[in-house]
Amino acid sequence: MTVPAHLTAEHFARASRALVAKAIAEFSYEELLTPTPDPDDPTGHLLQPAPGVSYRFRATRHAYGSWRVDRHSLRRHPEDSIDLATFLADTRDALGLDGDTAGHLYRELCNTLLADTRLVATTPPVQTLADLDYAELEGHQSGHPWLVANKGRLGFSAHDTDLWAPEARRPVRLPWIAVHRDLAEYRGTGPLADPATLLAGQLDPAVLQRFRSELTSRSLNPADYHWLPVHPWHWDTTVLPLFAADIAAGRIVPLGEAGDTWLPQQSIRTFLNTSRPDRLSVKLPLRILNTLVWRGLPTERTQAAPAVTAWIQGLCEGDPFLRDHCRVVLLGEVASVTVRHAHLESVPGVPYQYRELLGAIWREPVATRLDTTERARTLACLLQTDGAGRSLAAHLISRSGMTAGEWVRRLLGATLPPLLHFLYRYGVVFSPHGENAIVLFDEHDVPTRLAVKDFVDDVNISAKPLPELDDLPEEVAGVLLREEPDYLCQFLHAGFFVGVLRYLAPLLEEQHGLPEREFWSLVRAEITDHQARFPELADRFTTFDLLTPWIDRLCLNRNRLLLDGYRDSPTRPHVAAHGRVRNPLAPPGRGE
């Protein structure tokens with residue numbers, strides 16, 4: 001038995017206090033908890049979740065009605081102790097948790113807390129973070145800022161986490177398998193329509209020969225199989241037991257490890273090639289429950305990924321604004337292999353986790369799309385803080401030599417125009433949350449342009465008929481979700497504005513003196529400037545109205561705690577709304 005070196009009383013207490021502060025803030029934002037002004041402290045707040053129990057703290061209120069809780073100010077009565085277990089016991093009734101949800105939530109939060117403790121112990125100063133490359137920086141991120149149990153990873157043991165979590169920062173090798181074409185289907189775009197072309201680009205000649213020899217030594221014809229990597233944990237826990245009949249019959253054949261090393265990204269099932277950064281990244285199914293869903297690969301969407309990529313990239317290539325002005329980078333999902341489970345996928349009402357068991361998606365790496373002087377960082381990393389509380393965004397502003405307002409204007413000018421143009425011109429919206437949106441920076445750490453990833457899972461299109469969608473390829477139309485205009489706008493609100501900018505604005509006000517009101521006026525100005533550039537799309541600005549006085553409050557934590565719990569379902573959960581919040585993007589006076 002071993003205990004991780006980072007699991008000390010000091011690190012654990014610091015991580016626990018921070019997680020409790022985050023829970024109070026996010027649960028209060030979603031109106032799961034209701035703090036009141038503290039009568040004994042004109043700048044404080046009081047939370048009384050149970051008889052005889054109170055939490056006092058200082059907090060500031062921000063855009064969308066959100067909370068920012070000062071973790072250092074947290075005090076509990078009667079005992080002045082702040083820890084996660086006590087907080088959950090105190091708030092269970094106030095949160096309305098049933099016993100089943102409370103137990104699983106505690107486990108998911110404990111996993112998150114253990115990961116946070118590692119980050120507390122190992123996160124370097126922002127000066128060091130700023131110089132890390134894209135793959136290395138991923139291992140220092142703190143996870144989804146909105147979800148409290150953001151590193152739950154139900155299914156992983158502590159040892160598994162040490163091996164496979166991004167914060168472990170452990171380069172790994174991936175084994176490959178061959179799956180008979182009776183079970184597996186391959187799709188690819190352009191030259192990758194031929195699977196041999198994909199394999200020649202992703203595997204060294206010696207590895208290709210070794211894998212062929214493994215099949216021929218069993219008197220199997222390599223041409224009868226599709227090859228794909230598999231996550232070692234997933235092979236052991238899921239593929240080996242559930243596909244045992246196919247393995248025994250030689251329809252699935254282990255080939256051994258390829259030579260390259262990989263690092264997991266924050267999404268945990270996507271790996272970046274650190275031996276050959278020019279090679280494609282790969283997304284693999286993992287039957288763990290993490291950030292609200294089982295992390296498999298849905299068969300139909302995986303099959304359609306290359307077709308969706310070809311369509312999205314075709315829109316960009318045919319649009320001078322996106323192609324030449326924005327120079328937006330669309331990291332295509334250019335090849336995929338899907339493997340159906342012959343029995344489970346035919347069972348009516350089977351939980352969706354059993355229809356996402358085996359496959360792979362290959363995605364273009366950002367490293368090959370950078371200009372000579374550019375550096376890539378996820379949008380999420382701008383929220384990263386070091387042990388001294390200094391944010392990476394604030395440090396990058398200082399390094400740029402710009403004022404905070406100038407730098408934010410450049411950030412918005414790099415990221416918003418392509419997202420807005422896809423929405424207004426084509427009725428297409430990405431989910432530009434902190435991991436899907438990648439900011440490219442010049443040599444002075446000034447934002448220059450946007451890269452976007454994760455098309456097949458997170459691209460949605462307008463349910464309102466638009467001529468630009470009339471010729472949608474059949475395969476693409478069959479998998480992309482159609483949403484009404486109001487809800488389509490919510491992908492920008494929830495993913496970008498609420499999911500990232502509502503955290504960035506207070507950080508920059510605190511650390512660079514940029515007033516939050518000015519921050520949001522800059523966001524609004526970027527939207528209205530874009531609209532002025534395309535007056536012919538005036539009707540679309542009304543259809544897809546991002547500047548309404550109020551928007552629905554989408555809730556991620558409420559989904560887990562009260563709506564979906566930990567029950568199995570035949571379909572993936574959908575984010576629900578609870579109430580409405582003021583939209584800081586609304587022009588002054590509109591709707592007052």
# chains A, B, ... in the order shown; residues from 1 in each chain; ligands from 1
call {"tool": "residues_around", "arguments": {"residues": "region 217-229 of chain A", "least_positions_apart": "6", "cutoff": "7 Å", "atoms": "only C-alpha atoms", "output": "PDB file with all heavy atoms, in the first residue's frame"}}
result
ATOM      1  N   LEU A 174      -0.034   3.530 -25.952  1.00  0.00           N
ATOM      2  CA  LEU A 174      -1.358   2.959 -26.178  1.00  0.00           C
ATOM      3  C   LEU A 174      -1.240   1.657 -26.965  1.00  0.00           C
ATOM      4  O   LEU A 174      -0.551   1.604 -27.988  1.00  0.00           O
ATOM      5  CB  LEU A 174      -2.243   3.941 -26.955  1.00  0.00           C
ATOM      6  CG  LEU A 174      -2.560   5.262 -26.254  1.00  0.00           C
ATOM      7  CD1 LEU A 174      -3.371   6.162 -27.188  1.00  0.00           C
ATOM      8  CD2 LEU A 174      -3.329   5.031 -24.954  1.00  0.00           C
ATOM      9  N   PRO A 175      -1.921   0.606 -26.517  1.00  0.00           N
ATOM     10  CA  PRO A 175      -1.973  -0.624 -27.299  1.00  0.00           C
ATOM     11  C   PRO A 175      -2.974  -0.486 -28.444  1.00  0.00           C
ATOM     12  O   PRO A 175      -3.895   0.336 -28.399  1.00  0.00           O
ATOM     13  CB  PRO A 175      -2.436  -1.660 -26.284  1.00  0.00           C
ATOM     14  CG  PRO A 175      -3.244  -0.873 -25.301  1.00  0.00           C
ATOM     15  CD  PRO A 175      -2.629   0.493 -25.237  1.00  0.00           C
ATOM     16  N   TRP A 176      -2.785  -1.290 -29.459  1.00  0.00           N
ATOM     17  CA  TRP A 176      -3.695  -1.324 -30.602  1.00  0.00           C
ATOM     18  C   TRP A 176      -4.353  -2.696 -30.682  1.00  0.00           C
ATOM     19  O   TRP A 176      -3.811  -3.695 -30.184  1.00  0.00           O
ATOM     20  CB  TRP A 176      -2.936  -1.047 -31.903  1.00  0.00           C
ATOM     21  CG  TRP A 176      -2.581   0.401 -32.096  1.00  0.00           C
ATOM     22  CD1 TRP A 176      -1.812   1.181 -31.275  1.00  0.00           C
ATOM     23  CD2 TRP A 176      -2.984   1.233 -33.181  1.00  0.00           C
ATOM     24  NE1 TRP A 176      -1.712   2.456 -31.783  1.00  0.00           N
ATOM     25  CE2 TRP A 176      -2.422   2.520 -32.962  1.00  0.00           C
ATOM     26  CE3 TRP A 176      -3.767   1.022 -34.324  1.00  0.00           C
ATOM     27  CZ2 TRP A 176      -2.618   3.579 -33.836  1.00  0.00           C
ATOM     28  CZ3 TRP A 176      -3.963   2.082 -35.204  1.00  0.00           C
ATOM     29  CH2 TRP A 176      -3.406   3.344 -34.965  1.00  0.00           C
ATOM     30  N   ILE A 177      -5.518  -2.707 -31.313  1.00  0.00           N
ATOM     31  CA  ILE A 177      -6.217  -3.955 -31.577  1.00  0.00           C
ATOM     32  C   ILE A 177      -6.642  -3.972 -33.044  1.00  0.00           C
ATOM     33  O   ILE A 177      -6.765  -2.920 -33.687  1.00  0.00           O
ATOM     34  CB  ILE A 177      -7.456  -4.146 -30.669  1.00  0.00           C
ATOM     35  CG1 ILE A 177      -8.450  -2.987 -30.861  1.00  0.00           C
ATOM     36  CG2 ILE A 177      -7.040  -4.271 -29.217  1.00  0.00           C
ATOM     37  CD1 ILE A 177      -9.754  -3.160 -30.088  1.00  0.00           C
ATOM     38  N   ALA A 178      -6.859  -5.155 -33.561  1.00  0.00           N
ATOM     39  CA  ALA A 178      -7.446  -5.332 -34.886  1.00  0.00           C
ATOM     40  C   ALA A 178      -8.844  -5.905 -34.705  1.00  0.00           C
ATOM     41  O   ALA A 178      -9.040  -6.850 -33.934  1.00  0.00           O
ATOM     42  CB  ALA A 178      -6.591  -6.274 -35.726  1.00  0.00           C
ATOM     43  N   VAL A 179      -9.811  -5.332 -35.402  1.00  0.00           N
ATOM     44  CA  VAL A 179     -11.204  -5.771 -35.295  1.00  0.00           C
ATOM     45  C   VAL A 179     -11.694  -6.142 -36.691  1.00  0.00           C
ATOM     46  O   VAL A 179     -11.545  -5.369 -37.645  1.00  0.00           O
ATOM     47  CB  VAL A 179     -12.099  -4.670 -34.688  1.00  0.00           C
ATOM     48  CG1 VAL A 179     -13.525  -5.189 -34.522  1.00  0.00           C
ATOM     49  CG2 VAL A 179     -11.546  -4.199 -33.353  1.00  0.00           C
ATOM     50  N   HIS A 180     -12.257  -7.310 -36.805  1.00  0.00           N
ATOM     51  CA  HIS A 180     -12.709  -7.810 -38.100  1.00  0.00           C
ATOM     52  C   HIS A 180     -13.751  -6.866 -38.700  1.00  0.00           C
ATOM     53  O   HIS A 180     -14.578  -6.285 -37.995  1.00  0.00           O
ATOM     54  CB  HIS A 180     -13.304  -9.209 -37.952  1.00  0.00           C
ATOM     55  CG  HIS A 180     -13.386  -9.940 -39.258  1.00  0.00           C
ATOM     56  ND1 HIS A 180     -14.423  -9.767 -40.141  1.00  0.00           N
ATOM     57  CD2 HIS A 180     -12.543 -10.850 -39.833  1.00  0.00           C
ATOM     58  CE1 HIS A 180     -14.243 -10.530 -41.209  1.00  0.00           C
ATOM     59  NE2 HIS A 180     -13.104 -11.209 -41.044  1.00  0.00           N
ATOM     60  N   ARG A 181     -13.695  -6.751 -40.012  1.00  0.00           N
ATOM     61  CA  ARG A 181     -14.579  -5.815 -40.698  1.00  0.00           C
ATOM     62  C   ARG A 181     -16.052  -6.206 -40.594  1.00  0.00           C
ATOM     63  O   ARG A 181     -16.926  -5.371 -40.877  1.00  0.00           O
ATOM     64  CB  ARG A 181     -14.157  -5.695 -42.168  1.00  0.00           C
ATOM     65  CG  ARG A 181     -12.797  -5.014 -42.321  1.00  0.00           C
ATOM     66  CD  ARG A 181     -12.385  -4.892 -43.773  1.00  0.00           C
ATOM     67  NE  ARG A 181     -11.045  -4.305 -43.873  1.00  0.00           N
ATOM     68  CZ  ARG A 181     -10.715  -3.312 -44.695  1.00  0.00           C
ATOM     69  NH1 ARG A 181     -11.620  -2.782 -45.488  1.00  0.00           N
ATOM     70  NH2 ARG A 181      -9.470  -2.853 -44.730  1.00  0.00           N
ATOM     71  N   ALA A 184     -16.393  -4.002 -37.387  1.00  0.00           N
ATOM     72  CA  ALA A 184     -15.877  -2.638 -37.373  1.00  0.00           C
ATOM     73  C   ALA A 184     -16.146  -1.941 -38.701  1.00  0.00           C
ATOM     74  O   ALA A 184     -16.160  -2.563 -39.765  1.00  0.00           O
ATOM     75  CB  ALA A 184     -14.377  -2.654 -37.085  1.00  0.00           C
ATOM     76  N   ALA A 360     -12.785   4.627 -32.113  1.00  0.00           N
ATOM     77  CA  ALA A 360     -11.730   5.637 -32.033  1.00  0.00           C
ATOM     78  C   ALA A 360     -12.044   6.743 -33.023  1.00  0.00           C
ATOM     79  O   ALA A 360     -12.620   6.501 -34.086  1.00  0.00           O
ATOM     80  CB  ALA A 360     -10.356   5.036 -32.326  1.00  0.00           C
TER      81      ALA A 360
END
call {"tool": "select_by_dssp", "arguments": {"residues": "region 242-321 of chain A", "states": "strand (DSSP E)", "output": "PyMOL selection string"}}
result
chain A and resi 252-257+262-264+270-273+281-283+286-290+293-295
call {"tool": "residues_around", "arguments": {"residues": "region 267-269 of chain A", "least_positions_apart": "4", "cutoff": "7 Å", "atoms": "only C-alpha atoms", "output": "list in words"}}
result
Ala165, Pro166, Lys283, Leu284, Pro285 and Leu286 of chain A
call {"tool": "residues_around", "arguments": {"residues": "Ala102 (chain A)", "least_positions_apart": "3", "cutoff": "9 Å", "atoms": "only C-alpha atoms", "output": "list in words"}}
result
Leu88, Arg92, Leu97, Asp98, Gly99, Leu105, Tyr106, Arg107 and Leu561 of chain A
call {"tool": "closest_residue", "arguments": {"among": "A:Ala9, A:Leu392, A:Val366, A:Leu322", "to": "Asp131 (chain A)", "atoms": "only C-alpha atoms"}}
result
A:Leu392
call {"tool": "residues_around", "arguments": {"residues": "region 295-311 of chain A", "least_positions_apart": "6", "cutoff": "8 Å", "atoms": "only C-alpha atoms", "output": "JSON, numbers by chain"}}
result
{"A": [185, 186, 187, 188, 189, 269, 284, 285, 286, 287, 288, 289, 332, 333, 334, 335, 336, 337, 338, 339, 340, 353, 355, 356, 357, 358, 359, 360, 361, 455, 456, 457, 473, 475, 476, 479]}
call {"tool": "write_last_selection", "arguments": {"atoms": "C-alpha atoms", "output": "PDB file, in the first residue's frame"}}
result
ATOM      1  CA  GLU A 185     -16.557   0.185 -39.800  1.00  0.00           C
ATOM      2  CA  TYR A 186     -14.021   2.775 -40.939  1.00  0.00           C
ATOM      3  CA  ARG A 187     -14.725   6.307 -42.193  1.00  0.00           C
ATOM      4  CA  GLY A 188     -12.257   8.970 -43.305  1.00  0.00           C
ATOM      5  CA  THR A 189     -12.109  12.298 -45.141  1.00  0.00           C
ATOM      6  CA  ARG A 269     -10.396  10.265 -23.217  1.00  0.00           C
ATOM      7  CA  LEU A 284     -11.064   6.790 -27.207  1.00  0.00           C
ATOM      8  CA  PRO A 285     -14.085   5.548 -25.242  1.00  0.00           C
ATOM      9  CA  LEU A 286     -13.782   5.278 -21.473  1.00  0.00           C
ATOM     10  CA  ARG A 287     -16.612   3.685 -19.499  1.00  0.00           C
ATOM     11  CA  ILE A 288     -16.290   6.100 -16.613  1.00  0.00           C
ATOM     12  CA  LEU A 289     -18.910   8.551 -15.410  1.00  0.00           C
ATOM     13  CA  GLY A 332     -11.252  18.149 -37.954  1.00  0.00           C
ATOM     14  CA  GLU A 333     -12.213  14.689 -36.800  1.00  0.00           C
ATOM     15  CA  VAL A 334     -10.815  13.192 -39.968  1.00  0.00           C
ATOM     16  CA  ALA A 335     -11.092   9.433 -39.410  1.00  0.00           C
ATOM     17  CA  SER A 336     -12.993   7.018 -37.208  1.00  0.00           C
ATOM     18  CA  VAL A 337     -13.519   3.357 -36.477  1.00  0.00           C
ATOM     19  CA  THR A 338     -16.727   2.173 -34.847  1.00  0.00           C
ATOM     20  CA  VAL A 339     -17.261  -1.262 -33.343  1.00  0.00           C
ATOM     21  CA  ARG A 340     -20.798  -2.331 -32.528  1.00  0.00           C
ATOM     22  CA  GLN A 353     -23.168   3.525 -21.913  1.00  0.00           C
ATOM     23  CA  ARG A 355     -23.947   1.615 -27.000  1.00  0.00           C
ATOM     24  CA  GLU A 356     -20.654   3.536 -26.807  1.00  0.00           C
ATOM     25  CA  LEU A 357     -18.221   0.764 -25.969  1.00  0.00           C
ATOM     26  CA  LEU A 358     -15.538   0.549 -28.639  1.00  0.00           C
ATOM     27  CA  GLY A 359     -14.148   2.810 -31.340  1.00  0.00           C
ATOM     28  CA  ALA A 360     -11.730   5.637 -32.033  1.00  0.00           C
ATOM     29  CA  ILE A 361     -11.774   9.118 -33.546  1.00  0.00           C
ATOM     30  CA  PHE A 455     -17.561  18.826 -33.914  1.00  0.00           C
ATOM     31  CA  VAL A 456     -19.581  15.650 -33.848  1.00  0.00           C
ATOM     32  CA  ASP A 457     -20.472  15.900 -30.141  1.00  0.00           C
ATOM     33  CA  PRO A 473     -25.433  16.106 -46.548  1.00  0.00           C
ATOM     34  CA  GLU A 475     -25.149  11.715 -43.135  1.00  0.00           C
ATOM     35  CA  VAL A 476     -24.560  15.059 -41.418  1.00  0.00           C
ATOM     36  CA  VAL A 479     -26.572  13.141 -36.483  1.00  0.00           C
TER      37      VAL A 479
END
call {"tool": "residues_around", "arguments": {"residues": "Ser569 (chain A)", "least_positions_apart": "3", "cutoff": "12 Å", "atoms": "only C-alpha atoms", "output": "JSON, numbers by chain"}}
result
{"A": [293, 294, 348, 349, 350, 351, 352, 353, 354, 355, 564, 565, 566, 572, 573, 574]}
call {"tool": "write_last_selection", "arguments": {"atoms": "N, CA, C and O atoms", "output": "mmCIF file, in the first residue's frame"}}
result
data_model
loop_
_atom_site.group_PDB
_atom_site.id
_atom_site.type_symbol
_atom_site.label_atom_id
_atom_site.label_comp_id
_atom_site.auth_asym_id
_atom_site.auth_seq_id
_atom_site.Cartn_x
_atom_site.Cartn_y
_atom_site.Cartn_z
ATOM 1 N N VAL A 293 -21.740 12.672 -17.747
ATOM 2 C CA VAL A 293 -22.068 11.607 -18.702
ATOM 3 C C VAL A 293 -21.017 10.510 -18.671
ATOM 4 O O VAL A 293 -19.880 10.707 -18.236
ATOM 5 N N TRP A 294 -21.421 9.336 -19.182
ATOM 6 C CA TRP A 294 -20.475 8.263 -19.447
ATOM 7 C C TRP A 294 -19.641 8.654 -20.660
ATOM 8 O O TRP A 294 -20.181 9.126 -21.667
ATOM 9 N N PRO A 348 -33.583 -3.123 -26.676
ATOM 10 C CA PRO A 348 -34.370 -1.891 -26.517
ATOM 11 C C PRO A 348 -34.189 -1.302 -25.117
ATOM 12 O O PRO A 348 -34.247 -2.016 -24.109
ATOM 13 N N GLY A 349 -33.954 0.002 -25.079
ATOM 14 C CA GLY A 349 -33.852 0.700 -23.807
ATOM 15 C C GLY A 349 -32.578 0.452 -23.043
ATOM 16 O O GLY A 349 -32.467 0.844 -21.870
ATOM 17 N N VAL A 350 -31.572 -0.185 -23.657
ATOM 18 C CA VAL A 350 -30.326 -0.441 -22.951
ATOM 19 C C VAL A 350 -29.679 0.896 -22.572
ATOM 20 O O VAL A 350 -29.768 1.869 -23.320
ATOM 21 N N PRO A 351 -29.062 1.021 -21.387
ATOM 22 C CA PRO A 351 -28.381 2.266 -21.036
ATOM 23 C C PRO A 351 -27.376 2.671 -22.110
ATOM 24 O O PRO A 351 -26.685 1.821 -22.687
ATOM 25 N N TYR A 352 -27.316 3.985 -22.373
ATOM 26 C CA TYR A 352 -26.488 4.459 -23.485
ATOM 27 C C TYR A 352 -25.021 4.103 -23.327
ATOM 28 O O TYR A 352 -24.289 3.990 -24.317
ATOM 29 N N GLN A 353 -24.572 3.879 -22.084
ATOM 30 C CA GLN A 353 -23.168 3.525 -21.913
ATOM 31 C C GLN A 353 -22.820 2.231 -22.646
ATOM 32 O O GLN A 353 -21.660 2.022 -23.014
ATOM 33 N N TYR A 354 -23.804 1.368 -22.880
ATOM 34 C CA TYR A 354 -23.550 0.095 -23.552
ATOM 35 C C TYR A 354 -23.677 0.189 -25.071
ATOM 36 O O TYR A 354 -23.526 -0.805 -25.767
ATOM 37 N N ARG A 355 -23.944 1.396 -25.554
ATOM 38 C CA ARG A 355 -23.947 1.615 -27.000
ATOM 39 C C ARG A 355 -22.774 2.500 -27.431
ATOM 40 O O ARG A 355 -22.774 3.039 -28.533
ATOM 41 N N ASP A 564 -31.095 14.215 -12.845
ATOM 42 C CA ASP A 564 -30.636 12.943 -13.400
ATOM 43 C C ASP A 564 -30.078 12.003 -12.348
ATOM 44 O O ASP A 564 -30.141 10.782 -12.507
ATOM 45 N N GLY A 565 -29.511 12.558 -11.293
ATOM 46 C CA GLY A 565 -28.881 11.717 -10.294
ATOM 47 C C GLY A 565 -27.828 10.826 -10.922
ATOM 48 O O GLY A 565 -27.094 11.235 -11.809
ATOM 49 N N TYR A 566 -27.784 9.584 -10.475
ATOM 50 C CA TYR A 566 -26.800 8.624 -10.985
ATOM 51 C C TYR A 566 -27.501 7.422 -11.620
ATOM 52 O O TYR A 566 -26.921 6.352 -11.732
ATOM 53 N N ARG A 572 -28.405 10.167 -23.350
ATOM 54 C CA ARG A 572 -27.559 11.080 -22.582
ATOM 55 C C ARG A 572 -28.403 12.196 -21.984
ATOM 56 O O ARG A 572 -29.373 12.654 -22.609
ATOM 57 N N PRO A 573 -28.041 12.669 -20.787
ATOM 58 C CA PRO A 573 -28.836 13.745 -20.171
ATOM 59 C C PRO A 573 -28.662 15.065 -20.910
ATOM 60 O O PRO A 573 -27.643 15.304 -21.558
ATOM 61 N N HIS A 574 -29.689 15.902 -20.845
ATOM 62 C CA HIS A 574 -29.650 17.229 -21.440
ATOM 63 C C HIS A 574 -29.679 18.268 -20.326
ATOM 64 O O HIS A 574 -30.382 18.113 -19.326
#
call {"tool": "residues_around", "arguments": {"residues": "Asp41 (chain A)", "least_positions_apart": "4", "cutoff": "10 Å", "atoms": "only C-alpha atoms", "output": "ChimeraX atom specification"}}
result
/A:37,45-46,56-58
call {"tool": "write_last_selection", "arguments": {"atoms": "C-alpha atoms", "output": "CSV table (one decimal), in the first residue's frame"}}
result
chain,number,residue,atom,x,y,z
A,37,PRO,CA,-26.8,39.0,4.2
A,45,HIS,CA,-23.1,36.5,3.9
A,46,LEU,CA,-24.8,33.8,6.0
A,56,ARG,CA,-20.3,32.8,7.3
A,57,PHE,CA,-18.3,34.1,4.4
A,58,ARG,CA,-17.5,37.1,2.3
call {"tool": "atom_distance", "arguments": {"atom1": "CA of Thr261 (chain A)", "atom2": "CA of Glu108 (chain A)"}}
result
29.0 Å
call {"tool": "atom_distance", "arguments": {"atom1": "CA of Asn150 (chain A)", "atom2": "CA of Cys381 (chain A)"}}
result
15.1 Å
call {"tool": "closest_residue", "arguments": {"among": "A:Ala245, A:Val498, A:Val20, A:Leu585", "to": "Arg524 (chain A)", "atoms": "only C-alpha atoms"}}
result
A:Leu585
